[in-house]
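**Student:** Enclosed is the structure file protein-v7.txt (compact mmCIF, C-alpha atoms).
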# COMPACT_ATOMS: atom_id res chain seq x y z
CA MET A 162 24.75 -39.59 -1.42
CA VAL A 163 22.41 -36.81 -0.26
CA ASN A 164 23.07 -33.46 -1.95
CA ILE A 165 23.37 -30.96 0.92
CA PRO A 166 23.11 -27.30 -0.11
CA ASP A 167 26.17 -25.07 0.30
CA ILE A 168 25.51 -22.53 3.06
CA GLY A 169 28.89 -20.76 3.02
CA ARG A 170 27.42 -17.39 2.00
CA PHE A 171 24.79 -17.68 4.73
CA ALA A 172 27.46 -18.25 7.40
CA THR A 173 29.22 -15.11 6.15
CA ARG A 174 25.96 -13.16 6.22
CA HIS A 175 25.27 -14.39 9.78
CA ARG A 176 28.59 -12.95 10.96
CA GLU A 177 27.87 -9.64 9.19
CA LEU A 178 24.49 -9.36 10.92
CA GLU A 179 26.06 -10.10 14.31
CA GLU A 180 28.48 -7.23 13.77
CA GLN A 181 25.59 -4.89 12.89
CA MET A 182 23.71 -5.91 16.03
CA LYS A 183 26.74 -5.03 18.18
CA GLN A 184 26.76 -1.40 17.01
CA PRO A 185 25.72 1.15 19.70
CA ASP A 186 23.11 2.81 17.47
CA PHE A 187 21.62 -0.47 16.20
CA TYR A 188 18.24 -0.02 17.94
CA GLY A 189 17.91 3.60 16.88
CA ASP A 190 15.98 2.50 13.79
CA HIS A 191 13.43 0.05 15.23
CA ARG A 192 12.13 -1.10 11.86
CA ARG A 193 15.59 -1.90 10.52
CA ALA A 194 16.62 -3.53 13.83
CA SER A 195 13.58 -5.80 13.70
CA ALA A 196 14.33 -6.85 10.11
CA VAL A 197 18.00 -7.58 10.90
CA ALA A 198 17.08 -9.56 14.04
CA LYS A 199 14.59 -11.69 12.08
CA GLU A 200 17.10 -12.40 9.33
CA HIS A 201 19.76 -13.26 11.93
CA GLN A 202 17.38 -15.69 13.66
CA LYS A 203 16.38 -17.34 10.37
CA ILE A 204 19.98 -17.88 9.26
CA GLY A 205 20.79 -19.18 12.74
CA MET A 206 18.14 -21.87 12.28
CA LEU A 207 19.69 -22.76 8.92
CA LEU A 208 23.17 -23.10 10.42
CA ALA A 209 21.84 -25.25 13.29
CA LYS A 210 20.15 -27.63 10.84
CA ASN A 211 23.32 -27.82 8.77
CA GLU A 212 25.30 -28.72 11.91
CA ARG A 213 22.79 -31.43 12.74
CA VAL A 214 23.08 -32.85 9.19
CA GLY A 215 26.87 -33.01 9.60
CA LYS A 216 26.57 -35.05 12.82
CA ILE A 217 24.08 -37.46 11.24
CA LEU A 218 26.34 -37.99 8.22
CA GLU A 219 29.20 -38.85 10.59
CA GLU A 220 26.95 -41.42 12.29
CA MET A 221 26.03 -42.88 8.91
CA ALA A 222 29.71 -43.23 7.99
CA SER A 223 30.29 -45.17 11.24
CA LEU A 224 27.32 -47.40 10.48
CA GLU A 225 28.72 -48.17 7.03
CA SER A 226 31.94 -49.31 8.70
CA ILE A 227 29.95 -51.55 11.03
CA LEU A 228 28.09 -53.09 8.09
CA ALA A 229 31.40 -53.82 6.39
CA ASP A 230 32.97 -55.44 9.48
CA VAL A 231 30.18 -57.46 11.15
CA GLY A 232 30.55 -60.41 8.85
CA GLU A 233 27.60 -62.82 9.15
CA ASP A 234 25.96 -61.22 12.23
CA VAL A 235 22.47 -60.87 10.67
CA GLU A 236 20.87 -59.21 13.72
CA LEU A 237 23.54 -56.51 13.97
CA LYS A 238 23.39 -55.90 10.23
CA GLU A 239 19.61 -55.44 10.41
CA LEU A 240 19.91 -52.98 13.29
CA ALA A 241 22.56 -50.98 11.41
CA ARG A 242 20.49 -50.92 8.20
CA LYS A 243 17.39 -49.76 10.09
CA GLU A 244 19.35 -46.95 11.75
CA MET A 245 20.82 -45.98 8.36
CA GLU A 246 17.31 -45.68 6.89
CA GLU A 247 16.11 -43.54 9.82
CA ASN A 248 19.15 -41.28 9.56
CA GLY A 249 18.71 -40.97 5.80
CA ALA A 250 15.07 -39.95 6.22
CA GLU A 251 16.02 -37.33 8.83
CA VAL A 252 18.76 -35.92 6.58
CA GLU A 253 16.28 -35.58 3.70
CA LYS A 254 13.79 -33.83 5.99
CA LEU A 255 16.47 -31.44 7.27
CA ARG A 256 17.66 -30.82 3.69
CA ARG A 257 14.20 -29.69 2.62
CA GLU A 258 13.85 -27.48 5.70
CA MET A 259 17.23 -25.92 4.88
CA LEU A 260 16.14 -25.18 1.33
CA LEU A 261 12.99 -23.48 2.62
CA LEU A 262 15.08 -21.31 4.93
CA MET A 263 17.31 -20.35 1.99
CA ILE A 264 14.39 -18.83 0.05
CA PRO A 265 14.63 -15.03 0.27
CA PRO A 266 11.63 -13.62 2.17
CA ASP A 267 9.23 -11.18 0.54
CA PRO A 268 10.11 -7.92 2.32
CA SER A 269 6.45 -6.90 2.27
CA ASP A 270 5.05 -10.07 3.90
CA SER A 271 4.79 -8.45 7.34
CA ARG A 272 2.92 -5.39 6.08
CA ASN A 273 -0.74 -4.48 6.34
CA THR A 274 -2.64 -4.64 3.05
CA VAL A 275 -4.64 -2.22 0.94
CA MET A 276 -7.18 -4.12 -1.17
CA GLU A 277 -9.05 -2.66 -4.14
CA ILE A 278 -12.06 -4.44 -5.64
CA ARG A 279 -13.73 -3.14 -8.81
CA ALA A 280 -16.73 -4.42 -10.74
CA GLY A 281 -15.69 -5.55 -14.22
CA THR A 282 -17.69 -6.89 -17.16
CA GLY A 283 -21.26 -7.83 -16.34
CA GLY A 284 -23.01 -4.61 -15.32
CA GLU A 285 -25.07 -4.71 -12.12
CA GLU A 286 -24.34 -8.40 -11.58
CA ALA A 287 -20.59 -7.60 -11.59
CA ALA A 288 -21.22 -4.91 -8.96
CA LEU A 289 -23.13 -7.39 -6.78
CA PHE A 290 -20.26 -9.87 -7.13
CA ALA A 291 -17.73 -7.16 -6.18
CA GLY A 292 -19.76 -6.59 -3.02
CA ASP A 293 -19.76 -10.34 -2.32
CA LEU A 294 -15.96 -10.46 -2.65
CA TYR A 295 -15.57 -7.52 -0.27
CA ARG A 296 -17.72 -9.27 2.34
CA MET A 297 -15.74 -12.50 1.85
CA TYR A 298 -12.42 -10.79 2.58
CA ALA A 299 -13.90 -8.74 5.45
CA LYS A 300 -15.20 -11.91 7.14
CA PHE A 301 -11.88 -13.67 6.55
CA ALA A 302 -10.10 -10.73 8.19
CA GLU A 303 -12.47 -10.78 11.14
CA SER A 304 -11.97 -14.53 11.67
CA ASN A 305 -8.22 -13.93 11.94
CA GLY A 306 -8.49 -11.07 14.41
CA TRP A 307 -7.51 -8.53 11.75
CA LYS A 308 -9.15 -5.12 11.30
CA ALA A 309 -10.80 -4.15 7.99
CA GLU A 310 -11.30 -0.42 7.43
CA VAL A 311 -13.07 0.97 4.35
CA MET A 312 -11.13 3.86 2.84
CA ALA A 313 -13.22 4.65 -0.24
CA THR A 314 -16.37 3.24 -1.83
CA SER A 315 -18.52 3.81 -4.88
CA ALA A 316 -21.91 2.15 -4.56
CA ALA A 317 -23.99 0.81 -7.45
CA VAL A 318 -27.72 1.40 -7.90
CA SER A 319 -28.38 -2.32 -7.46
CA GLY A 320 -26.93 -2.31 -3.97
CA GLY A 321 -23.63 -3.74 -5.16
CA ILE A 322 -20.26 -2.00 -5.31
CA LYS A 323 -18.65 -0.35 -8.30
CA GLU A 324 -15.41 0.05 -6.36
CA VAL A 325 -14.19 -0.37 -2.79
CA ILE A 326 -10.76 0.33 -1.31
CA PHE A 327 -10.10 -0.96 2.19
CA LEU A 328 -7.19 -1.47 4.56
CA ILE A 329 -6.68 -4.76 6.42
CA SER A 330 -4.41 -4.44 9.46
CA GLY A 331 -2.95 -7.36 11.39
CA ASP A 332 -0.09 -9.84 11.63
CA GLU A 333 1.48 -10.70 8.24
CA VAL A 334 -1.67 -9.78 6.31
CA TYR A 335 0.09 -9.26 2.97
CA LYS A 336 1.79 -12.66 3.26
CA PHE A 337 -1.58 -14.41 3.22
CA LEU A 338 -3.52 -12.20 0.77
CA LYS A 339 -0.92 -11.30 -1.89
CA PHE A 340 -2.02 -14.10 -4.24
CA GLU A 341 -5.58 -12.72 -4.49
CA SER A 342 -4.67 -10.14 -7.16
CA GLY A 343 -6.28 -10.72 -10.53
CA VAL A 344 -9.59 -11.19 -12.31
CA HIS A 345 -12.24 -13.14 -10.38
CA ARG A 346 -15.00 -14.56 -12.60
CA VAL A 347 -18.47 -15.55 -11.40
CA GLN A 348 -21.05 -17.76 -13.11
CA ARG A 349 -24.54 -17.69 -11.62
CA VAL A 350 -28.19 -16.83 -12.25
CA PRO A 351 -28.80 -13.16 -11.36
CA VAL A 352 -31.77 -12.39 -9.11
CA THR A 353 -33.21 -10.27 -11.95
CA GLU A 354 -33.00 -13.11 -14.49
CA ALA A 355 -36.55 -14.32 -15.20
CA ASN A 356 -35.58 -17.23 -17.47
CA GLY A 357 -33.01 -18.78 -15.16
CA ARG A 358 -30.08 -18.24 -17.52
CA ILE A 359 -26.55 -18.35 -16.14
CA HIS A 360 -24.62 -15.08 -16.56
CA THR A 361 -20.85 -14.65 -16.47
CA SER A 362 -19.47 -11.54 -14.77
CA ALA A 363 -16.14 -10.47 -13.35
CA ALA A 364 -14.47 -8.27 -10.77
CA THR A 365 -10.82 -7.30 -10.39
CA VAL A 366 -8.96 -7.51 -7.10
CA ALA A 367 -5.71 -5.64 -6.44
CA VAL A 368 -3.65 -6.39 -3.33
CA LEU A 369 -1.10 -3.77 -2.32
CA PRO A 370 1.33 -3.80 0.63
CA GLU A 371 0.60 -0.78 2.81
CA ALA A 372 3.29 1.84 2.28
CA GLU A 373 4.63 4.20 4.90
CA GLU A 374 5.98 7.67 4.26
CA VAL A 375 9.57 6.42 4.50
CA ASP A 376 8.96 3.86 1.72
CA VAL A 377 7.96 6.22 -1.05
CA THR A 378 9.10 9.82 -1.49
CA ILE A 379 6.40 12.04 -2.99
CA ALA A 380 7.31 15.63 -3.82
CA PRO A 381 4.49 18.14 -3.08
CA GLU A 382 4.94 19.70 -6.51
CA ASP A 383 4.14 16.32 -8.11
CA LEU A 384 0.63 16.38 -6.66
CA GLU A 385 -2.50 18.04 -8.00
CA ILE A 386 -5.10 18.05 -5.21
CA THR A 387 -8.75 18.84 -5.95
CA VAL A 388 -11.51 19.16 -3.36
CA CYS A 389 -15.18 18.89 -4.21
CA ARG A 390 -18.56 17.96 -2.79
CA ALA A 391 -19.09 14.22 -2.33
CA SER A 392 -21.96 12.59 -4.17
CA GLY A 393 -23.82 9.30 -3.74
CA PRO A 394 -25.39 6.83 -6.21
CA GLY A 395 -27.19 8.62 -9.00
CA GLY A 396 -25.27 11.83 -8.40
CA GLN A 397 -27.13 13.14 -5.36
CA GLY A 398 -25.06 15.09 -2.85
CA VAL A 399 -24.36 13.27 0.40
CA ASN A 400 -23.13 16.28 2.37
CA THR A 401 -23.02 20.03 2.03
CA THR A 402 -19.29 20.67 2.37
CA ASP A 403 -16.35 20.28 -0.01
CA SER A 404 -14.92 17.27 1.81
CA ALA A 405 -14.18 14.87 -1.06
CA VAL A 406 -10.54 14.80 -2.16
CA GLN A 407 -9.00 13.76 -5.47
CA ILE A 408 -5.21 13.50 -5.76
CA LEU A 409 -3.41 13.25 -9.09
CA HIS A 410 0.21 12.07 -8.98
CA LYS A 411 1.49 13.80 -12.12
CA PRO A 412 4.65 11.71 -12.79
CA SER A 413 2.76 8.39 -12.78
CA GLY A 414 -0.69 9.62 -13.83
CA MET A 415 -2.26 7.79 -10.85
CA THR A 416 -5.49 9.30 -9.47
CA VAL A 417 -7.02 8.54 -6.08
CA TYR A 418 -10.45 9.75 -4.93
CA CYS A 419 -11.70 9.51 -1.33
CA ALA A 420 -15.02 10.85 -0.06
CA ASP A 421 -16.19 8.49 2.68
CA GLU A 422 -15.28 10.80 5.55
CA ARG A 423 -16.94 14.17 6.25
CA SER A 424 -13.53 15.62 7.06
CA GLN A 425 -11.48 16.88 4.12
CA GLN A 426 -8.24 16.18 6.05
CA LYS A 427 -9.22 12.57 6.76
CA ASN A 428 -10.11 11.98 3.11
CA LYS A 429 -6.78 13.51 2.06
CA ALA A 430 -4.86 11.28 4.51
CA ARG A 431 -6.64 8.18 3.21
CA ALA A 432 -6.04 9.15 -0.41
CA MET A 433 -2.33 9.65 0.29
CA LYS A 434 -2.14 6.23 1.97
CA VAL A 435 -3.67 4.57 -1.11
CA LEU A 436 -1.39 6.54 -3.45
CA ARG A 437 1.75 5.57 -1.52
CA SER A 438 0.71 1.89 -1.56
CA ARG A 439 0.08 1.95 -5.30
CA LEU A 440 3.47 3.57 -5.94
CA LEU A 441 5.21 1.05 -3.68
CA GLN A 442 3.56 -1.81 -5.57
CA ARG A 443 4.79 -0.35 -8.86
CA LEU A 444 8.35 -0.12 -7.50
CA GLU A 445 8.23 -3.75 -6.34
CA GLU A 446 6.78 -4.90 -9.67
CA ASP A 447 9.64 -3.13 -11.49
CA GLU A 448 12.13 -5.01 -9.32
CA ARG A 449 10.42 -8.35 -9.95
CA ALA A 450 10.38 -7.67 -13.70
CA LYS A 451 14.18 -7.67 -13.71
CA TYR A 452 14.15 -11.36 -12.82
CA ALA A 453 11.17 -12.39 -14.96
CA LYS A 454 13.37 -13.80 -17.73
CA THR A 455 15.29 -16.12 -15.42
CA ARG A 456 12.53 -17.31 -13.13
CA LYS A 457 9.03 -18.26 -14.22
CA ASP A 458 6.74 -17.79 -11.25
CA GLN A 459 3.47 -19.69 -11.64
CA ILE A 460 1.53 -17.52 -9.16
CA GLY A 461 1.68 -14.15 -7.51
CA THR A 462 2.30 -12.00 -10.57
CA GLY A 463 -0.53 -9.63 -9.70
CA ASP A 464 -1.45 -9.31 -13.40
CA ARG A 465 -5.01 -8.00 -13.39
CA SER A 466 -5.63 -9.15 -16.98
CA GLU A 467 -5.16 -12.73 -15.85
CA ARG A 468 -8.31 -14.69 -14.97
CA ILE A 469 -7.17 -16.35 -11.80
CA ARG A 470 -10.36 -17.88 -10.42
CA THR A 471 -13.93 -18.91 -11.30
CA TYR A 472 -16.83 -19.05 -8.84
CA ASN A 473 -19.50 -21.32 -10.39
CA PHE A 474 -22.64 -21.16 -8.21
CA PRO A 475 -24.88 -23.67 -10.09
CA GLN A 476 -22.17 -26.33 -9.65
CA ASN A 477 -21.14 -25.16 -6.14
CA ARG A 478 -17.59 -25.02 -7.49
CA LEU A 479 -14.56 -22.76 -7.12
CA THR A 480 -11.60 -23.27 -9.45
CA ASP A 481 -8.25 -21.52 -9.11
CA HIS A 482 -6.81 -21.73 -12.62
CA ARG A 483 -3.20 -21.00 -11.59
CA ILE A 484 -2.77 -24.18 -9.56
CA GLY A 485 -5.63 -26.31 -10.90
CA LEU A 486 -7.38 -26.44 -7.53
CA THR A 487 -11.13 -27.12 -7.40
CA LEU A 488 -13.24 -26.87 -4.24
CA HIS A 489 -16.95 -27.64 -3.81
CA ASN A 490 -17.95 -25.50 -0.84
CA LEU A 491 -18.86 -22.10 -2.30
CA PRO A 492 -21.27 -20.98 0.47
CA GLN A 493 -18.55 -21.45 3.08
CA ILE A 494 -15.94 -19.76 0.88
CA MET A 495 -18.14 -16.71 0.28
CA ASP A 496 -18.61 -16.61 4.06
CA GLY A 497 -14.87 -16.03 4.47
CA GLU A 498 -13.63 -19.61 4.92
CA ILE A 499 -10.74 -19.41 2.45
CA TRP A 500 -7.80 -20.84 4.44
CA GLU A 501 -7.68 -24.04 2.37
CA LEU A 502 -7.38 -21.97 -0.79
CA ILE A 503 -4.73 -19.64 0.61
CA GLU A 504 -2.60 -22.49 1.98
CA ALA A 505 -2.71 -24.26 -1.41
CA LEU A 506 -1.52 -21.09 -3.16
CA GLN A 507 1.29 -20.61 -0.65
CA ASN A 508 2.43 -24.23 -1.03
CA ALA A 509 2.47 -23.88 -4.82
CA ASP A 510 4.52 -20.71 -4.51
CA LEU A 511 7.02 -22.45 -2.22
CA GLU A 512 7.37 -25.36 -4.63
CA SER A 513 8.05 -23.00 -7.54
CA LYS A 514 10.75 -21.23 -5.50
CA LEU A 515 12.30 -24.51 -4.38
CA SER A 516 12.71 -25.84 -7.93
CA PRO A 517 15.84 -23.78 -8.78
CA LEU A 518 17.44 -24.84 -5.45
CA LEU A 519 16.84 -28.58 -5.80
Can you give me the file's structure in the form of structure tokens?

**Tutor:**
Amino acid sequence: MVNIPDIGRFATRHRELEEQMKQPDFYGDHRRASAVAKEHQKIGMLLAKNERVGKILEEMASLESILADVGEDVELKELARKEMEENGAEVEKLRREMLLLMIPPDPSDSRNTVMEIRAGTGGEEAALFAGDLYRMYAKFAESNGWKAEVMATSAAVSGGIKEVIFLISGDEVYKFLKFESGVHRVQRVPVTEANGRIHTSAATVAVLPEAEEVDVTIAPEDLEITVCRASGPGGQGVNTTDSAVQILHKPSGMTVYCADERSQQKNKARAMKVLRSRLLQRLEEDERAKYAKTRKDQIGTGDRSERIRTYNFPQNRLTDHRIGLTLHNLPQIMDGEIWELIEALQNADLESKLSPLL
């Protein structure tokens, strides 16, 4: 007998949402209204599939009666058995789809994303690799019709990047990029290496859901804002006004520095956007930590100390260590063609979430 999940609590929730949607002031808060409407639609799909399963099970019960009563009619028995198999396969398919619909959505999936890339161990080669990663994500964003906007950069003497913070705006950006957080390791021969030796370097990637002012409350007295003159590689001044902004959030100790714009106000606005996103990520991580003891999630922890991926250029190989995936098309990957990788990570995440429900 097929084990059909109990959806009683979802039916109750569906009725609750319908009552909310009937309220006169429901559309006053557009963001909340959109979230409620999406949840209502998703649960509606679950209920429809459950209804379909019920009808198929009734058909299967009738077929069992036919098989018991047809006696020696071989042809009729064969037809009934074939229909039973088809119905059983459809029930199993619907059951899996129901389980997927029962997985709670990540509330940040629909958000834009703030990405931070920093050169790690490996000196100038690490900075060059950080620049390569930035270009990879920028090209991936462009191929999806998303917009990538640099918010802060710190260039290296070699032409690489010590640090870059950029915002990617588009449809469900965080949903597709959230598994990129972690340590990315590269193995290749640097252009400055005369003896052809392979060097190992690393860069860290942080992926933060973009926060809005309503998500995180920041008291003005908790901020220490410093303005100064921006400087370029090697310390030389890049403009003659005090336009660079550094914001210290005293309760958390977080510091954000933005100097890419010539306008002090624009730099301050960008720094506040990054600060809010970092604080939102910390809040979400605290919530996830509450469930860490009961659910072991194989990917998506965002732990920067974890080496998540290796880019081996001599072997034209990329390996994602979390899911054991190896691909042999590094030039295309570094050119932004990372859909195969992202889909594999999402599928692994779904499987890990399905396990407790099965």

**Student:** Rounded to one decimal place, report the atom CA of Ala405 of chain A-atom CA of Tyr298 of chain A distance in Å.

**Tutor:**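 These atoms are spaced 26.0 Å apart.
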
**Student:** In Å, how far is it from atom CA of Thr416 of chain A to atom CA of Asn273 of chain A?

**Tutor:**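 Between these atoms lies a distance of 21.5 Å.
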
**Student:** A:Ile322, A:Ala505, A:Met433, A:Ile204: which is nearest Leu261 of chain A, counting all atoms listed in the file?

**Tutor:**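 Residue with the minimum atom-to-atom distance to Leu261 of chain A: A:Ile204.
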
**Student:** Can you list, as a list in words, every protein, DNA or RNA residue that comes within 10 Å of segment 299-307 of chain A when you count only C-alpha atoms, leaving out same-chain residues fewer than 6 positions away?

**Tutor:**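 These residues fall inside the cut-off: Asn273, Asp293, Phe327, Leu328, Ile329, Ser330, Gly331, Asp332, Glu333, Val334, Ile494, Met495, Asp496, Gly497, Glu498, Ile499 and Trp500 of chain A.
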
**Student:** Return the single residue from A:Phe171, A:Phe290, A:Tyr418, A:Tyr335 that is closest to Thr365 of chain A, with distances computed using only C-alpha atoms.

**Tutor:** A:Phe290

**Student:** Pick the closest to Asn428 of chain A from A:Pro412, A:Leu208, A:Ile386, A:Lys238: which is it, counting only C-alpha atoms?

**Tutor:**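 Looking only at the distances to Asn428 of chain A, the closest residue turns out to be A:Ile386.
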
**Student:** Restricting the calculation to all atoms listed in the file, which member of A:Glu341, A:Ala430, A:Met263, A:Asn473 is positioned closest to Lys203 of chain A?

**Tutor:**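 Counting all atoms listed in the file, the residue closest to Lys203 of chain A is A:Met263.
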
**Student:** Can you measure atom CA of Gln442 of chain A to atom CA of Arg272 of chain A for me? One decimal in Å is fine.

**Tutor:** 12.2 Å

**Student:** With only C-alpha atoms as the counted atoms, please give the residues lying no more than 7 Å from Thr471 of chain A, apart from itself and same-chain residues fewer than 5 positions off, as number ranges by chain.

**Tutor:** A: 345-347, 479-481

**Student:** Counting only C-alpha atoms, figure out which residue out of A:Leu255, A:Leu384, A:Ile264, A:Val325 gets nearest to Ala288 of chain A.

**Tutor:**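 Closest residue, counting only C-alpha atoms: A:Val325.
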
**Student:** Just the residues within 6 Å of Ala313 of chain A, please, counting only C-alpha atoms, with nothing from its chain fewer than 4 positions along; format it as a list in words.

**Tutor:**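 Residues meeting the cut-off are Val325, Ile326, Cys419 and Asp421 of chain A.
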
**Student:** In terms of the shortest atom-to-atom distance over only C-alpha atoms, which of A:Arg431, A:Arg349, A:Pro268, A:Ala287 is closest to Glu310 of chain A?

**Tutor:**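 Comparing A:Arg431, A:Arg349, A:Pro268, A:Ala287 against Glu310 of chain A, the winner is A:Arg431.
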
**Student:** Give me the residues within 9 Å of Ile359 of chain A as a PDB file with C-alpha atoms, in the frame of the given file, counting all atoms listed in the file and dropping any in the same chain fewer than 3 places off.

**Tutor:**
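Everything below was put into around_22.pdb:
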ATOM      1  CA  GLN A 348     -21.050 -17.760 -13.110  1.00  0.00           C
ATOM      2  CA  ARG A 349     -24.540 -17.690 -11.620  1.00  0.00           C
ATOM      3  CA  VAL A 350     -28.190 -16.830 -12.250  1.00  0.00           C
ATOM      4  CA  PRO A 351     -28.800 -13.160 -11.360  1.00  0.00           C
ATOM      5  CA  GLU A 354     -33.000 -13.110 -14.490  1.00  0.00           C
ATOM      6  CA  PRO A 475     -24.880 -23.670 -10.090  1.00  0.00           C
TER       7      PRO A 475
END

**Student:** Please identify all polymer residues lying at most 12 Å from the point (-22.5, -5.0, -13.4) (file coordinates), using all atoms listed in the file, and present the result as a PDB file with C-alpha atoms, in the frame of the given file.

**Tutor:**
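Final output, out37.pdb:
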ATOM      1  CA  ARG A 279     -13.730  -3.140  -8.810  1.00  0.00           C
ATOM      2  CA  ALA A 280     -16.730  -4.420 -10.740  1.00  0.00           C
ATOM      3  CA  GLY A 281     -15.690  -5.550 -14.220  1.00  0.00           C
ATOM      4  CA  THR A 282     -17.690  -6.890 -17.160  1.00  0.00           C
ATOM      5  CA  GLY A 283     -21.260  -7.830 -16.340  1.00  0.00           C
ATOM      6  CA  GLY A 284     -23.010  -4.610 -15.320  1.00  0.00           C
ATOM      7  CA  GLU A 285     -25.070  -4.710 -12.120  1.00  0.00           C
ATOM      8  CA  GLU A 286     -24.340  -8.400 -11.580  1.00  0.00           C
ATOM      9  CA  ALA A 287     -20.590  -7.600 -11.590  1.00  0.00           C
ATOM     10  CA  ALA A 288     -21.220  -4.910  -8.960  1.00  0.00           C
ATOM     11  CA  LEU A 289     -23.130  -7.390  -6.780  1.00  0.00           C
ATOM     12  CA  PHE A 290     -20.260  -9.870  -7.130  1.00  0.00           C
ATOM     13  CA  ALA A 291     -17.730  -7.160  -6.180  1.00  0.00           C
ATOM     14  CA  GLY A 292     -19.760  -6.590  -3.020  1.00  0.00           C
ATOM     15  CA  ALA A 316     -21.910   2.150  -4.560  1.00  0.00           C
ATOM     16  CA  ALA A 317     -23.990   0.810  -7.450  1.00  0.00           C
ATOM     17  CA  VAL A 318     -27.720   1.400  -7.900  1.00  0.00           C
ATOM     18  CA  SER A 319     -28.380  -2.320  -7.460  1.00  0.00           C
ATOM     19  CA  GLY A 320     -26.930  -2.310  -3.970  1.00  0.00           C
ATOM     20  CA  GLY A 321     -23.630  -3.740  -5.160  1.00  0.00           C
ATOM     21  CA  ILE A 322     -20.260  -2.000  -5.310  1.00  0.00           C
ATOM     22  CA  LYS A 323     -18.650  -0.350  -8.300  1.00  0.00           C
ATOM     23  CA  GLU A 324     -15.410   0.050  -6.360  1.00  0.00           C
ATOM     24  CA  VAL A 347     -18.470 -15.550 -11.400  1.00  0.00           C
ATOM     25  CA  PRO A 351     -28.800 -13.160 -11.360  1.00  0.00           C
ATOM     26  CA  HIS A 360     -24.620 -15.080 -16.560  1.00  0.00           C
ATOM     27  CA  THR A 361     -20.850 -14.650 -16.470  1.00  0.00           C
ATOM     28  CA  SER A 362     -19.470 -11.540 -14.770  1.00  0.00           C
ATOM     29  CA  ALA A 363     -16.140 -10.470 -13.350  1.00  0.00           C
ATOM     30  CA  ALA A 364     -14.470  -8.270 -10.770  1.00  0.00           C
TER      31      ALA A 364
END

**Student:** For the point (11.5, -3.0, 10.0) in file coordinates, what residues are within 12 Å, counting only C-alpha atoms? Give the answer as an MDAnalysis selection string?

**Tutor:** chainID A and resid 188:200 268:272 373 375:376

**Student:** Write the residues you've just listed into a file as a PDB file, in the coordinates of the input, and include C-alpha atoms for each of them.

**Tutor:**
ATOM      1  CA  TYR A 188      18.240  -0.020  17.940  1.00  0.00           C
ATOM      2  CA  GLY A 189      17.910   3.600  16.880  1.00  0.00           C
ATOM      3  CA  ASP A 190      15.980   2.500  13.790  1.00  0.00           C
ATOM      4  CA  HIS A 191      13.430   0.050  15.230  1.00  0.00           C
ATOM      5  CA  ARG A 192      12.130  -1.100  11.860  1.00  0.00           C
ATOM      6  CA  ARG A 193      15.590  -1.900  10.520  1.00  0.00           C
ATOM      7  CA  ALA A 194      16.620  -3.530  13.830  1.00  0.00           C
ATOM      8  CA  SER A 195      13.580  -5.800  13.700  1.00  0.00           C
ATOM      9  CA  ALA A 196      14.330  -6.850  10.110  1.00  0.00           C
ATOM     10  CA  VAL A 197      18.000  -7.580  10.900  1.00  0.00           C
ATOM     11  CA  ALA A 198      17.080  -9.560  14.040  1.00  0.00           C
ATOM     12  CA  LYS A 199      14.590 -11.690  12.080  1.00  0.00           C
ATOM     13  CA  GLU A 200      17.100 -12.400   9.330  1.00  0.00           C
ATOM     14  CA  PRO A 268      10.110  -7.920   2.320  1.00  0.00           C
ATOM     15  CA  SER A 269       6.450  -6.900   2.270  1.00  0.00           C
ATOM     16  CA  ASP A 270       5.050 -10.070   3.900  1.00  0.00           C
ATOM     17  CA  SER A 271       4.790  -8.450   7.340  1.00  0.00           C
ATOM     18  CA  ARG A 272       2.920  -5.390   6.080  1.00  0.00           C
ATOM     19  CA  GLU A 373       4.630   4.200   4.900  1.00  0.00           C
ATOM     20  CA  VAL A 375       9.570   6.420   4.500  1.00  0.00           C
ATOM     21  CA  ASP A 376       8.960   3.860   1.720  1.00  0.00           C
TER      22      ASP A 376
END

**Student:** Show which residues sit within 10 Å of Leu224 of chain A, as an mmCIF file with C-alpha atoms, keeping the file's coordinate frame. Count all atoms listed in the file, and ignore same-chain residues fewer than 6 positions away.

**Tutor:**
data_model
loop_
_atom_site.group_PDB
_atom_site.id
_atom_site.type_symbol
_atom_site.label_atom_id
_atom_site.label_comp_id
_atom_site.auth_asym_id
_atom_site.auth_seq_id
_atom_site.Cartn_x
_atom_site.Cartn_y
_atom_site.Cartn_z
ATOM 1 C CA LEU A 218 26.340 -37.990 8.220
ATOM 2 C CA ASP A 230 32.970 -55.440 9.480
ATOM 3 C CA LYS A 238 23.390 -55.900 10.230
ATOM 4 C CA LEU A 240 19.910 -52.980 13.290
ATOM 5 C CA ALA A 241 22.560 -50.980 11.410
ATOM 6 C CA ARG A 242 20.490 -50.920 8.200
ATOM 7 C CA GLU A 244 19.350 -46.950 11.750
ATOM 8 C CA MET A 245 20.820 -45.980 8.360
#
